[in-house]
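Data from query-v2.cif: mmCIF, C-alpha atoms
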```
data_data
loop_
_atom_site.label_atom_id
_atom_site.label_comp_id
_atom_site.auth_asym_id
_atom_site.auth_seq_id
_atom_site.Cartn_x
_atom_site.Cartn_y
_atom_site.Cartn_z
CA MET A 9 -63.90 36.28 42.83
CA THR A 10 -64.91 33.73 40.18
CA VAL A 11 -65.64 30.06 40.85
CA ARG A 12 -65.84 27.74 37.83
CA LEU A 13 -66.92 24.09 37.88
CA LEU A 14 -65.76 21.77 35.11
CA THR A 15 -67.72 18.55 35.25
CA ASN A 16 -68.35 15.35 33.27
CA ILE A 17 -64.62 14.90 32.60
CA GLY A 18 -64.21 11.39 31.23
CA ARG A 19 -60.46 11.08 31.80
CA LEU A 20 -58.09 13.46 33.56
CA TRP A 21 -54.31 13.38 33.17
CA THR A 22 -53.15 14.89 36.45
CA GLY A 23 -49.50 15.17 35.47
CA SER A 24 -48.57 11.80 36.92
CA GLU A 25 -51.63 9.53 36.61
CA VAL A 26 -55.06 9.15 35.02
CA TRP A 27 -58.38 9.54 36.85
CA SER A 28 -61.82 8.79 35.45
CA ASN A 29 -65.16 10.59 35.93
CA VAL A 30 -63.66 13.73 37.43
CA ALA A 31 -64.71 17.28 38.29
CA ILE A 32 -62.57 20.39 38.81
CA LEU A 33 -63.31 23.54 40.79
CA ALA A 34 -61.31 26.62 39.83
CA HIS A 35 -61.26 29.65 42.10
CA ASP A 36 -60.03 32.71 40.22
CA ASP A 37 -56.75 31.57 38.58
CA ARG A 38 -56.12 28.52 40.80
CA ILE A 39 -57.41 25.00 41.15
CA ALA A 40 -59.47 24.85 44.35
CA TRP A 41 -60.47 21.19 44.21
CA VAL A 42 -60.09 18.21 41.87
CA GLY A 43 -61.36 14.66 42.32
CA PRO A 44 -64.06 12.11 41.48
CA ALA A 45 -67.26 13.85 40.41
CA ALA A 46 -69.22 11.72 42.88
CA GLU A 47 -67.21 13.28 45.71
CA LEU A 48 -67.70 16.90 44.66
CA PRO A 49 -67.91 18.82 47.96
CA GLY A 50 -70.74 21.16 48.78
CA SER A 51 -68.21 23.59 50.20
CA VAL A 52 -64.50 24.27 49.94
CA PRO A 53 -62.90 26.24 52.79
CA GLY A 54 -62.01 29.71 51.67
CA VAL A 55 -63.67 29.29 48.28
CA ILE A 56 -67.36 28.43 48.37
CA ASN A 57 -69.85 27.94 51.17
CA ASP A 58 -72.36 26.07 49.08
CA ILE A 59 -72.40 24.71 45.55
CA VAL A 60 -74.87 27.43 44.49
CA ASP A 61 -71.97 29.89 44.84
CA VAL A 62 -70.41 28.50 41.65
CA ASP A 63 -70.45 31.19 38.96
CA HIS A 64 -69.96 28.98 35.90
CA VAL A 65 -70.70 25.29 35.32
CA GLU A 66 -69.27 23.67 32.18
CA ASN A 67 -70.17 20.13 31.11
CA LEU A 68 -67.27 18.67 29.14
CA GLY A 69 -69.18 15.70 27.77
CA GLY A 70 -66.76 12.97 28.83
CA ALA A 71 -63.72 14.64 27.26
CA LEU A 72 -60.07 14.01 28.05
CA VAL A 73 -58.61 16.84 30.17
CA THR A 74 -54.97 17.67 30.91
CA PRO A 75 -53.01 20.50 32.47
CA GLY A 76 -52.02 23.16 29.95
CA LEU A 77 -49.06 21.92 27.92
CA ILE A 78 -45.59 23.47 28.27
CA ASP A 79 -43.20 24.06 25.36
CA ALA A 80 -39.82 24.19 27.06
CA HIS A 81 -37.64 25.31 24.11
CA THR A 82 -38.59 27.91 21.48
CA HIS A 83 -37.01 30.75 19.44
CA PRO A 84 -40.04 32.85 18.43
CA VAL A 85 -38.57 36.37 18.09
CA TYR A 86 -37.46 36.72 14.49
CA ALA A 87 -38.44 38.16 11.13
CA GLY A 88 -38.37 36.60 7.67
CA ASN A 89 -37.94 32.93 6.84
CA ARG A 90 -35.25 30.49 5.74
CA TRP A 91 -37.33 28.12 3.66
CA ALA A 92 -34.88 28.10 0.74
CA GLU A 93 -32.10 27.12 3.16
CA ILE A 94 -34.18 24.31 4.64
CA SER A 95 -34.83 23.02 1.13
CA MET A 96 -31.08 23.08 0.41
CA ARG A 97 -30.34 21.27 3.67
CA SER A 98 -32.86 18.55 2.88
CA GLY A 99 -31.09 18.04 -0.44
CA GLY A 100 -27.75 17.47 1.25
CA SER A 101 -26.17 20.94 1.02
CA SER A 102 -23.47 21.64 3.57
CA VAL A 103 -23.36 24.47 6.10
CA THR A 104 -20.67 26.14 3.98
CA GLU A 105 -22.78 25.92 0.82
CA ILE A 106 -25.82 27.32 2.64
CA ALA A 107 -23.80 30.22 4.05
CA ALA A 108 -22.37 30.96 0.60
CA ALA A 109 -25.94 31.17 -0.71
CA GLY A 110 -26.79 33.77 1.94
CA GLY A 111 -28.40 31.44 4.47
CA GLY A 112 -27.63 30.52 8.03
CA LEU A 113 -28.37 32.21 11.33
CA ALA A 114 -26.64 35.40 10.17
CA SER A 115 -29.33 35.89 7.54
CA THR A 116 -32.03 35.90 10.23
CA VAL A 117 -30.01 38.39 12.27
CA THR A 118 -29.78 40.73 9.27
CA ILE A 119 -33.51 40.55 8.52
CA THR A 120 -34.57 40.84 12.15
CA ARG A 121 -32.35 43.86 12.75
CA GLY A 122 -33.84 45.50 9.66
CA THR A 123 -37.48 44.88 10.61
CA ASP A 124 -39.44 47.64 12.31
CA PRO A 125 -40.56 46.88 15.90
CA TRP A 126 -44.27 46.96 15.01
CA THR A 127 -43.94 44.29 12.31
CA LEU A 128 -41.68 42.16 14.50
CA CYS A 129 -44.13 42.40 17.40
CA ASN A 130 -47.08 41.39 15.24
CA GLY A 131 -45.25 38.31 13.99
CA VAL A 132 -44.34 37.18 17.51
CA ARG A 133 -47.89 37.88 18.73
CA GLU A 134 -49.35 35.63 16.03
CA ARG A 135 -46.99 32.79 16.93
CA LEU A 136 -47.72 33.02 20.65
CA ARG A 137 -51.44 32.99 19.91
CA GLU A 138 -51.05 29.82 17.86
CA TRP A 139 -49.34 28.10 20.79
CA LEU A 140 -52.15 28.95 23.17
CA LEU A 141 -54.89 27.85 20.77
CA SER A 142 -53.11 24.50 20.37
CA GLY A 143 -53.35 23.88 24.13
CA THR A 144 -49.91 25.20 25.12
CA THR A 145 -50.42 27.55 28.04
CA THR A 146 -46.72 28.15 28.84
CA ILE A 147 -43.76 28.56 26.51
CA GLU A 148 -40.08 29.15 27.14
CA ALA A 149 -39.14 31.86 24.63
CA LYS A 150 -35.56 32.78 23.75
CA THR A 151 -34.10 35.93 22.29
CA GLY A 152 -31.04 35.58 20.06
CA TYR A 153 -31.63 37.08 16.62
CA HIS A 154 -30.52 40.65 17.26
CA LEU A 155 -27.17 39.86 18.89
CA ASN A 156 -26.67 43.43 20.04
CA ARG A 157 -27.47 44.99 23.38
CA ASP A 158 -30.40 47.20 22.44
CA GLY A 159 -32.04 44.62 20.20
CA GLU A 160 -31.73 41.75 22.65
CA LEU A 161 -33.09 43.82 25.54
CA ALA A 162 -35.93 45.03 23.33
CA ASP A 163 -36.76 41.40 22.58
CA VAL A 164 -36.96 40.63 26.30
CA ARG A 165 -39.32 43.55 26.84
CA LEU A 166 -41.38 42.52 23.79
CA LEU A 167 -41.94 39.00 25.10
CA ARG A 168 -42.77 40.24 28.59
CA SER A 169 -45.26 42.80 27.28
CA LEU A 170 -47.00 40.33 24.97
CA GLU A 171 -47.53 37.93 27.88
CA GLY A 172 -49.75 40.57 29.47
CA GLU A 173 -52.06 40.85 26.47
CA PRO A 174 -55.35 38.92 26.32
CA GLY A 175 -55.17 35.60 24.53
CA MET A 176 -51.45 35.02 25.13
CA PRO A 177 -49.75 32.08 26.85
CA ARG A 178 -47.53 32.47 29.89
CA VAL A 179 -43.98 33.23 28.76
CA HIS A 180 -40.71 32.23 30.40
CA VAL A 181 -38.20 34.62 28.83
CA THR A 182 -34.66 33.37 28.18
CA PHE A 183 -31.85 35.78 27.28
CA LEU A 184 -29.86 34.12 24.48
CA ALA A 185 -27.52 36.83 23.25
CA ALA A 186 -24.86 34.08 23.35
CA HIS A 187 -26.49 32.41 20.33
CA ALA A 188 -23.70 33.20 17.87
CA ILE A 189 -20.96 35.74 17.23
CA PRO A 190 -22.45 38.71 15.32
CA PRO A 191 -20.66 39.96 12.19
CA GLU A 192 -19.42 43.18 13.79
CA PHE A 193 -17.47 41.08 16.34
CA PHE A 194 -15.76 38.94 13.70
CA GLY A 195 -12.31 38.04 15.04
CA ARG A 196 -13.20 39.41 18.49
CA ARG A 197 -15.20 36.58 20.04
CA HIS A 198 -13.80 37.16 23.53
CA ASP A 199 -14.96 40.76 23.36
CA TYR A 200 -18.45 39.56 22.49
CA VAL A 201 -18.50 37.08 25.38
CA ASP A 202 -17.53 39.92 27.72
CA ALA A 203 -20.19 42.16 26.19
CA VAL A 204 -22.97 39.60 26.61
CA SER A 205 -21.90 39.03 30.20
CA SER A 206 -22.15 42.75 30.87
CA TRP A 207 -25.72 42.85 29.51
CA CYS A 208 -27.11 40.22 31.91
CA ALA A 209 -28.15 42.61 34.68
CA ASP A 210 -30.01 44.76 32.16
CA ALA A 211 -31.72 41.66 30.76
CA ALA A 212 -32.91 40.70 34.23
CA ALA A 213 -34.20 44.22 34.81
CA ALA A 214 -36.03 44.09 31.46
CA GLY A 215 -37.88 40.94 32.56
CA ALA A 216 -35.78 37.92 31.56
CA ASP A 217 -36.12 34.78 33.66
CA SER A 218 -33.17 32.73 32.36
CA ILE A 219 -29.79 32.97 30.63
CA ASP A 220 -28.73 30.56 27.89
CA ALA A 221 -25.71 29.95 25.64
CA TYR A 222 -25.20 27.84 22.54
CA CYS A 223 -22.40 25.41 23.42
CA ASP A 224 -21.30 23.31 20.45
CA GLU A 225 -18.53 22.89 17.91
CA GLY A 226 -18.77 26.06 15.87
CA GLY A 227 -20.63 27.74 18.72
CA PHE A 228 -19.37 28.83 22.12
CA THR A 229 -16.84 26.74 24.00
CA SER A 230 -17.69 25.35 27.42
CA ARG A 231 -15.39 27.95 28.98
CA GLU A 232 -17.11 30.81 27.13
CA ALA A 233 -20.58 29.46 27.86
CA GLY A 234 -19.71 29.00 31.52
CA TRP A 235 -18.54 32.61 31.78
CA VAL A 236 -21.84 33.87 30.31
CA LEU A 237 -24.02 31.60 32.45
CA ASN A 238 -22.22 32.53 35.65
CA SER A 239 -22.65 36.21 34.80
CA GLY A 240 -26.35 35.60 34.27
CA ARG A 241 -26.66 33.71 37.53
CA GLY A 242 -25.02 36.63 39.30
CA ALA A 243 -27.74 38.88 37.86
CA GLY A 244 -30.48 36.58 39.17
CA LEU A 245 -31.15 34.63 35.96
CA LEU A 246 -31.64 30.86 35.88
CA PRO A 247 -28.86 29.24 33.85
CA ARG A 248 -29.80 26.80 31.08
CA LEU A 249 -27.68 25.55 28.21
CA HIS A 250 -27.94 24.53 24.56
CA ALA A 251 -25.92 21.38 25.24
CA CYS A 252 -25.60 20.36 21.61
CA GLY A 253 -22.06 19.08 21.26
CA ASN A 254 -20.51 15.69 21.89
CA GLY A 255 -18.29 14.80 24.82
CA LYS A 256 -15.35 16.73 23.36
CA VAL A 257 -17.28 19.98 23.78
CA GLY A 258 -18.29 19.10 27.35
CA ALA A 259 -21.62 20.92 27.21
CA ALA A 260 -23.68 18.44 29.21
CA LEU A 261 -20.98 18.14 31.88
CA LEU A 262 -20.85 21.93 32.08
CA ALA A 263 -24.62 22.05 32.62
CA ALA A 264 -24.24 19.53 35.44
CA GLU A 265 -21.28 21.34 36.97
CA LEU A 266 -23.14 24.65 37.02
CA GLY A 267 -26.40 23.10 38.22
CA CYS A 268 -28.32 24.50 35.26
CA ALA A 269 -32.10 24.44 35.30
CA SER A 270 -31.96 22.51 32.04
CA ALA A 271 -29.61 21.04 29.46
CA ASP A 272 -31.27 21.22 26.06
CA LEU A 273 -31.08 19.13 22.87
CA LEU A 274 -28.28 16.78 24.10
CA TYR A 275 -27.65 15.23 20.67
CA GLY A 276 -24.15 14.04 21.50
CA ALA A 277 -24.71 13.10 25.14
CA ASP A 278 -23.21 9.83 26.34
CA SER A 279 -23.66 7.70 29.46
CA ASP A 280 -21.29 9.86 31.51
CA ASP A 281 -23.29 12.96 30.56
CA VAL A 282 -26.55 11.29 31.52
CA ALA A 283 -25.16 10.18 34.88
CA ALA A 284 -23.83 13.68 35.59
CA LEU A 285 -27.17 15.32 34.78
CA ALA A 286 -28.96 12.83 37.02
CA ARG A 287 -26.61 13.50 39.95
CA ALA A 288 -26.91 17.26 39.54
CA GLY A 289 -30.71 17.28 39.21
CA VAL A 290 -30.58 19.04 35.83
CA ALA A 291 -33.67 18.64 33.65
CA ALA A 292 -33.22 17.51 30.04
CA VAL A 293 -35.20 19.32 27.33
CA VAL A 294 -35.42 17.23 24.16
CA CYS A 295 -36.92 18.28 20.84
CA PRO A 296 -38.22 15.41 18.67
CA ALA A 297 -38.78 17.58 15.60
CA MET A 298 -35.05 18.38 15.30
CA VAL A 299 -31.97 16.29 14.62
CA SER A 300 -28.29 17.21 14.71
CA GLU A 301 -26.10 17.63 11.66
CA GLY A 302 -24.85 14.08 12.25
CA ARG A 303 -28.42 12.75 12.50
CA GLN A 304 -27.94 11.98 16.19
CA SER A 305 -30.78 11.76 18.69
CA PRO A 306 -30.61 12.46 22.41
CA PRO A 307 -30.39 9.41 24.72
CA VAL A 308 -33.98 9.76 25.90
CA ARG A 309 -34.38 6.22 27.23
CA ALA A 310 -31.16 6.46 29.24
CA LEU A 311 -32.25 9.83 30.67
CA LEU A 312 -35.61 8.41 31.75
CA ASP A 313 -34.02 5.26 33.19
CA LYS A 314 -31.60 7.36 35.26
CA GLY A 315 -34.45 9.44 36.68
CA VAL A 316 -33.60 12.68 34.87
CA ALA A 317 -36.61 14.98 34.55
CA VAL A 318 -37.33 15.07 30.81
CA ALA A 319 -39.22 17.95 29.17
CA LEU A 320 -40.31 18.43 25.57
CA GLY A 321 -39.75 21.43 23.32
CA SER A 322 -40.66 22.24 19.75
CA ASP A 323 -37.38 24.08 19.03
CA HIS A 324 -39.46 26.42 16.87
CA SER A 325 -37.00 28.61 14.96
CA PRO A 326 -36.67 30.17 11.51
CA GLY A 327 -33.95 27.73 10.47
CA GLY A 328 -35.50 24.67 12.08
CA ASN A 329 -39.26 24.25 12.10
CA GLY A 330 -42.43 26.30 12.47
CA ILE A 331 -44.18 24.01 14.95
CA THR A 332 -46.43 25.80 17.45
CA SER A 333 -48.35 22.65 18.46
CA MET A 334 -47.20 20.73 21.50
CA PRO A 335 -49.70 17.94 20.72
CA LEU A 336 -47.69 17.42 17.51
CA VAL A 337 -44.46 17.39 19.52
CA ILE A 338 -45.94 14.74 21.82
CA SER A 339 -46.83 12.61 18.79
CA MET A 340 -43.30 12.97 17.43
CA ALA A 341 -41.75 12.09 20.80
CA VAL A 342 -43.66 8.80 20.75
CA ALA A 343 -42.69 8.09 17.13
CA ASN A 344 -39.10 9.40 17.05
CA PHE A 345 -37.86 8.85 20.60
CA GLY A 346 -39.76 5.68 21.51
CA MET A 347 -41.44 7.35 24.48
CA SER A 348 -44.74 5.97 25.70
CA VAL A 349 -47.75 8.27 25.51
CA THR A 350 -47.64 8.58 29.29
CA GLU A 351 -43.93 9.52 29.27
CA ALA A 352 -44.40 12.07 26.50
CA LEU A 353 -47.47 13.63 28.10
CA ARG A 354 -45.66 13.88 31.42
CA ALA A 355 -42.69 15.52 29.67
CA ALA A 356 -45.04 18.08 28.09
CA THR A 357 -46.63 18.99 31.42
CA LEU A 358 -44.86 18.24 34.69
CA GLY A 359 -41.47 17.82 32.97
CA GLY A 360 -41.77 21.24 31.39
CA ALA A 361 -42.64 22.78 34.76
CA GLN A 362 -39.54 21.16 36.27
CA ALA A 363 -37.30 22.42 33.46
CA LEU A 364 -38.61 25.97 33.86
CA ARG A 365 -38.58 25.76 37.68
CA THR A 366 -42.25 26.76 37.79
CA PRO A 367 -43.88 24.48 40.39
CA ASP A 368 -47.22 26.29 40.10
CA ARG A 369 -48.19 24.55 36.83
CA GLY A 370 -47.92 21.30 34.89
CA ALA A 371 -50.17 19.25 37.19
CA MET A 372 -53.77 19.09 38.36
CA ALA A 373 -53.68 19.68 42.09
CA ARG A 374 -55.13 22.16 44.53
CA GLY A 375 -53.25 25.44 44.48
CA ARG A 376 -51.80 25.00 40.99
CA LEU A 377 -52.63 27.44 38.22
CA ALA A 378 -55.94 26.65 36.52
CA ASP A 379 -54.29 26.22 33.12
CA ILE A 380 -56.49 23.47 31.72
CA VAL A 381 -57.19 21.91 28.33
CA ALA A 382 -60.16 19.78 27.29
CA TRP A 383 -59.32 17.75 24.19
CA ASP A 384 -61.43 16.55 21.29
CA ALA A 385 -60.82 12.97 22.46
CA ASP A 386 -61.72 10.57 25.24
CA HIS A 387 -58.32 8.90 25.78
CA GLU A 388 -54.70 10.10 25.95
CA GLY A 389 -53.72 7.54 23.31
CA SER A 390 -55.20 9.97 20.81
CA PHE A 391 -52.03 12.09 21.10
CA ALA A 392 -50.04 9.32 19.40
CA TRP A 393 -52.67 8.83 16.69
CA ALA A 394 -53.75 12.34 15.72
CA TYR A 395 -50.38 14.03 15.03
CA GLY A 396 -51.63 17.36 16.26
CA LEU A 397 -54.63 16.63 18.49
CA LYS A 398 -57.01 19.61 18.64
CA PRO A 399 -58.24 21.19 21.86
CA MET A 400 -61.95 21.43 22.44
CA ARG A 401 -61.46 24.21 24.99
CA VAL A 402 -58.55 25.97 26.73
CA TRP A 403 -58.53 27.81 30.06
CA ARG A 404 -55.66 30.06 31.15
CA GLY A 405 -55.81 30.94 34.80
CA GLY A 406 -59.37 29.70 35.01
CA GLU A 407 -60.60 31.91 32.15
CA PRO A 408 -61.67 30.37 28.83
CA VAL A 409 -59.53 31.36 25.86
CA ALA A 410 -61.52 32.87 23.00
CA GLU A 411 -60.77 31.42 19.57
#
```
So, in terms of structure tokens, how does the structure I just supplied come out?
Amino acid sequence: MTVRLLTNIGRLWTGSEVWSNVAILAHDDRIAWVGPAAELPGSVPGVINDIVDVDHVENLGGALVTPGLIDAHTHPVYAGNRWAEISMRSGGSSVTEIAAAGGGLASTVTITRGTDPWTLCNGVRERLREWLLSGTTTIEAKTGYHLNRDGELADVRLLRSLEGEPGMPRVHVTFLAAHAIPPEFFGRRHDYVDAVSSWCADAAAAGADSIDAYCDEGGFTSREAGWVLNSGRGAGLLPRLHACGNGKVGAALLAAELGCASADLLYGADSDDVAALARAGVAAVVCPAMVSEGRQSPPVRALLDKGVAVALGSDHSPGGNGITSMPLVISMAVANFGMSVTEALRAATLGGAQALRTPDRGAMARGRLADIVAWDADHEGSFAWAYGLKPMRVWRGGEPVAE
């Protein structure tokens, strides 16, 4: 049993409000008490009988403290890079031109399939470590770059095993074999949909938490995505959806109809989509570092106004961006989506916990996981100024993370 006291906290973001001059008691991996430092109890039932029983006391020097941040949308299991493609895209090249030059998602599938497991594992390990050191204590991590049974299941097991290593964040594993149609299934898309559906039980057994599908023009139709998600739900996986397309695709409405844990990206969502998500209690995961092909943004203000739980994600992927810093994502949410600092910080903590259906994190309250970050700042406004605010110290489950 370990009891840790964090004291001299200048400002604490609890997940919903700000407190000043605060102390936190952590008992093993949970928060045992949090409140004004002047009211620090001499005993906490079931934890300590007297303050001298505290094992570690850490003076944080008036720092800003928050719950560990949550990245609710990432694609970290891949090999190689697509930097040349990104350069072409920035210069106005079309999807067809990029594919003709050997780019696109298929290129990542080819490289990832051809990479030995040891090299692939080391690359993923380094990325996960970067997330934790940036103050992100939980990430949602998708598979989706093997697009065959053995490779996708191996990716699930890889993510689950890395989570158990020292210095790694908590990982919510999402099975995304329905990311695209692999080349060997060219002209047989229905066969691939059936195949992915048949793999769901094995994915759950391998350690997956969720099932996802890429629903967009050029991706999977709402009918195909619905078939996959229902198969995953039947295997005990939480359904979530890449709801990228406009109203013609019907992705957001499908997410609402199925009661998905989250609808992600939502570039083409309209007022009907927002209302449906609000009624169904589906969280919206938005990614301020990414834009759609048509330069659309998700209707973040409408989502917030309708009471939809909004979470933030980096959308880290080989063809998108290499961001592993949720503080940077918070800064971009303020700049690109017009969110207030408070709204963005909530989306990166409590909103992420809601999207992942993990009520044991994302807020500072007794009984929650002691995933805590002390920042090199004294006010939360620094997230909007710094564009990648640095942590002063990170605790995962009450234990300090070594740099």
For the provided coordinates, the residues matched by the PyMOL selection byres ((chain A and resi 393) around 12) should be stated as a PDB file with C-alpha atoms, in the coordinates of the input.
```
ATOM      1  CA  PRO A 335     -49.700  17.940  20.720  1.00  0.00           C
ATOM      2  CA  LEU A 336     -47.690  17.420  17.510  1.00  0.00           C
ATOM      3  CA  ILE A 338     -45.940  14.740  21.820  1.00  0.00           C
ATOM      4  CA  SER A 339     -46.830  12.610  18.790  1.00  0.00           C
ATOM      5  CA  MET A 340     -43.300  12.970  17.430  1.00  0.00           C
ATOM      6  CA  VAL A 342     -43.660   8.800  20.750  1.00  0.00           C
ATOM      7  CA  ALA A 343     -42.690   8.090  17.130  1.00  0.00           C
ATOM      8  CA  VAL A 349     -47.750   8.270  25.510  1.00  0.00           C
ATOM      9  CA  ALA A 385     -60.820  12.970  22.460  1.00  0.00           C
ATOM     10  CA  HIS A 387     -58.320   8.900  25.780  1.00  0.00           C
ATOM     11  CA  GLU A 388     -54.700  10.100  25.950  1.00  0.00           C
ATOM     12  CA  GLY A 389     -53.720   7.540  23.310  1.00  0.00           C
ATOM     13  CA  SER A 390     -55.200   9.970  20.810  1.00  0.00           C
ATOM     14  CA  PHE A 391     -52.030  12.090  21.100  1.00  0.00           C
ATOM     15  CA  ALA A 392     -50.040   9.320  19.400  1.00  0.00           C
ATOM     16  CA  ALA A 394     -53.750  12.340  15.720  1.00  0.00           C
ATOM     17  CA  TYR A 395     -50.380  14.030  15.030  1.00  0.00           C
ATOM     18  CA  GLY A 396     -51.630  17.360  16.260  1.00  0.00           C
ATOM     19  CA  LEU A 397     -54.630  16.630  18.490  1.00  0.00           C
ATOM     20  CA  LYS A 398     -57.010  19.610  18.640  1.00  0.00           C
TER      21      LYS A 398
END
```
- Task: Using the chain letters and numbers from the file, give me the residues hit by the PyMOL selection byres ((chain A and resi 208-217) around 8), as a PyMOL selection string.
- Result: chain A and resi 161+164-165+168+180-183+204-207+218-219+239-240+243-246
Deliver the residues from the most recent selection as a file, using C-alpha atoms, as a CSV table (one decimal), keeping the file's coordinate frame.
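This went into again35.csv:
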```csv
chain,number,residue,atom,x,y,z
A,161,LEU,CA,-33.1,43.8,25.5
A,164,VAL,CA,-37.0,40.6,26.3
A,165,ARG,CA,-39.3,43.6,26.8
A,168,ARG,CA,-42.8,40.2,28.6
A,180,HIS,CA,-40.7,32.2,30.4
A,181,VAL,CA,-38.2,34.6,28.8
A,182,THR,CA,-34.7,33.4,28.2
A,183,PHE,CA,-31.8,35.8,27.3
A,204,VAL,CA,-23.0,39.6,26.6
A,205,SER,CA,-21.9,39.0,30.2
A,206,SER,CA,-22.2,42.8,30.9
A,207,TRP,CA,-25.7,42.8,29.5
A,218,SER,CA,-33.2,32.7,32.4
A,219,ILE,CA,-29.8,33.0,30.6
A,239,SER,CA,-22.6,36.2,34.8
A,240,GLY,CA,-26.4,35.6,34.3
A,243,ALA,CA,-27.7,38.9,37.9
A,244,GLY,CA,-30.5,36.6,39.2
A,245,LEU,CA,-31.2,34.6,36.0
A,246,LEU,CA,-31.6,30.9,35.9
```
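Using all atoms listed in the file, the shortest contact distance between Leu364 (chain A) and any of A:His35, A:Arg248, A:Arg197, A:His187 is found at A:Arg248.
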- Note on the structure: The distance between CA of Gly43 (chain A) and CA of Leu13 (chain A) is 11.8 Å
- Item | Reference answer for the PyMOL selection byres ((chain A and resi 192) around 12), as a PyMOL selection string | chain A and resi 114+117-118+154-156+188-191+193-197+199-200
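Each of A:Leu136, A:Val293, A:Ala109, A:Val318 was checked against Arg97 (chain A) using all atoms listed in the file; the smallest atom-to-atom distance is that of A:Ala109.
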Within 10 Å of region 254-278 of chain A, which residues of region 148-238 of chain A come that close, and what is the closest atom pair and distance in Å for each? Count all atoms listed in the file and give it as a Markdown table.
```
| residue | atom | partner | partner_atom | distance |
| --- | --- | --- | --- | --- |
| A:Ser218 | CA | A:Ala269 | CA | 8.9 |
| A:Ile219 | CA | A:Cys268 | CA | 9.8 |
| A:Asp220 | CA | A:Cys268 | CA | 9.6 |
| A:Tyr222 | CA | A:Ala259 | CA | 9.1 |
| A:Cys223 | CA | A:Ala259 | CA | 5.9 |
| A:Asp224 | CA | A:Val257 | CA | 6.2 |
| A:Glu225 | CA | A:Val257 | CA | 6.7 |
| A:Gly227 | CA | A:Val257 | CA | 9.9 |
| A:Phe228 | CA | A:Val257 | CA | 9.2 |
| A:Thr229 | CA | A:Val257 | CA | 6.8 |
| A:Ser230 | CA | A:Ala259 | CA | 5.9 |
| A:Arg231 | CA | A:Leu262 | CA | 8.7 |
| A:Ala233 | CA | A:Ala259 | CA | 8.6 |
| A:Gly234 | CA | A:Leu262 | CA | 7.2 |
| A:Leu237 | CA | A:Leu266 | CA | 8.4 |
| A:Asn238 | CA | A:Leu266 | CA | 8.1 |
```
Next, the residues of the selection above should be written as a PDB file, in the coordinates of the input with C-alpha atoms.
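Output contents, as saved in part.pdb:
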```
ATOM      1  CA  SER A 218     -33.170  32.730  32.360  1.00  0.00           C
ATOM      2  CA  ILE A 219     -29.790  32.970  30.630  1.00  0.00           C
ATOM      3  CA  ASP A 220     -28.730  30.560  27.890  1.00  0.00           C
ATOM      4  CA  TYR A 222     -25.200  27.840  22.540  1.00  0.00           C
ATOM      5  CA  CYS A 223     -22.400  25.410  23.420  1.00  0.00           C
ATOM      6  CA  ASP A 224     -21.300  23.310  20.450  1.00  0.00           C
ATOM      7  CA  GLU A 225     -18.530  22.890  17.910  1.00  0.00           C
ATOM      8  CA  GLY A 227     -20.630  27.740  18.720  1.00  0.00           C
ATOM      9  CA  PHE A 228     -19.370  28.830  22.120  1.00  0.00           C
ATOM     10  CA  THR A 229     -16.840  26.740  24.000  1.00  0.00           C
ATOM     11  CA  SER A 230     -17.690  25.350  27.420  1.00  0.00           C
ATOM     12  CA  ARG A 231     -15.390  27.950  28.980  1.00  0.00           C
ATOM     13  CA  ALA A 233     -20.580  29.460  27.860  1.00  0.00           C
ATOM     14  CA  GLY A 234     -19.710  29.000  31.520  1.00  0.00           C
ATOM     15  CA  LEU A 237     -24.020  31.600  32.450  1.00  0.00           C
ATOM     16  CA  ASN A 238     -22.220  32.530  35.650  1.00  0.00           C
TER      17      ASN A 238
END
```
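For the atom pair formed by CA of Ala40 (chain A) and CA of Ala71 (chain A), the distance is 20.4 Å, given to one decimal.
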- Item | For region 20-28 of chain A: contacts at 6 Å, only C-alpha atoms, fewer than 3 positions along chain excluded, given as JSON, numbers by chain | {"A": [72, 73, 74, 354, 358, 371, 372]}
Using 7 Å as the limit and counting all atoms listed in the file, can you tabulate each residue of region 324-406 of chain A that touches region 141-147 of chain A, with its shortest atom-to-atom distance in Å and the two atoms involved, as a tab-separated table?
```
residue	atom	partner	partner_atom	distance
A:Ser333	CA	A:Ser142	CA	5.5
A:Met334	CA	A:Thr144	CA	6.4
A:Asp379	CA	A:Thr145	CA	6.5
A:Val381	CA	A:Gly143	CA	6.0
A:Lys398	CA	A:Ser142	CA	6.5
A:Pro399	CA	A:Gly143	CA	6.0
A:Val402	CA	A:Gly143	CA	6.2
A:Arg404	CA	A:Thr145	CA	6.6
```
Write the residues you've just listed into a file as an mmCIF file, in the coordinates of the input, and include C-alpha atoms for each of them.
```cif
data_model
loop_
_atom_site.group_PDB
_atom_site.id
_atom_site.type_symbol
_atom_site.label_atom_id
_atom_site.label_comp_id
_atom_site.auth_asym_id
_atom_site.auth_seq_id
_atom_site.Cartn_x
_atom_site.Cartn_y
_atom_site.Cartn_z
ATOM 1 C CA SER A 333 -48.350 22.650 18.460
ATOM 2 C CA MET A 334 -47.200 20.730 21.500
ATOM 3 C CA ASP A 379 -54.290 26.220 33.120
ATOM 4 C CA VAL A 381 -57.190 21.910 28.330
ATOM 5 C CA LYS A 398 -57.010 19.610 18.640
ATOM 6 C CA PRO A 399 -58.240 21.190 21.860
ATOM 7 C CA VAL A 402 -58.550 25.970 26.730
ATOM 8 C CA ARG A 404 -55.660 30.060 31.150
#
```
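Nearest residue to Val337 (chain A), choosing from A:Gly406, A:Gly375, A:Gly321, A:Pro306 and counting all atoms listed in the file: A:Gly321.
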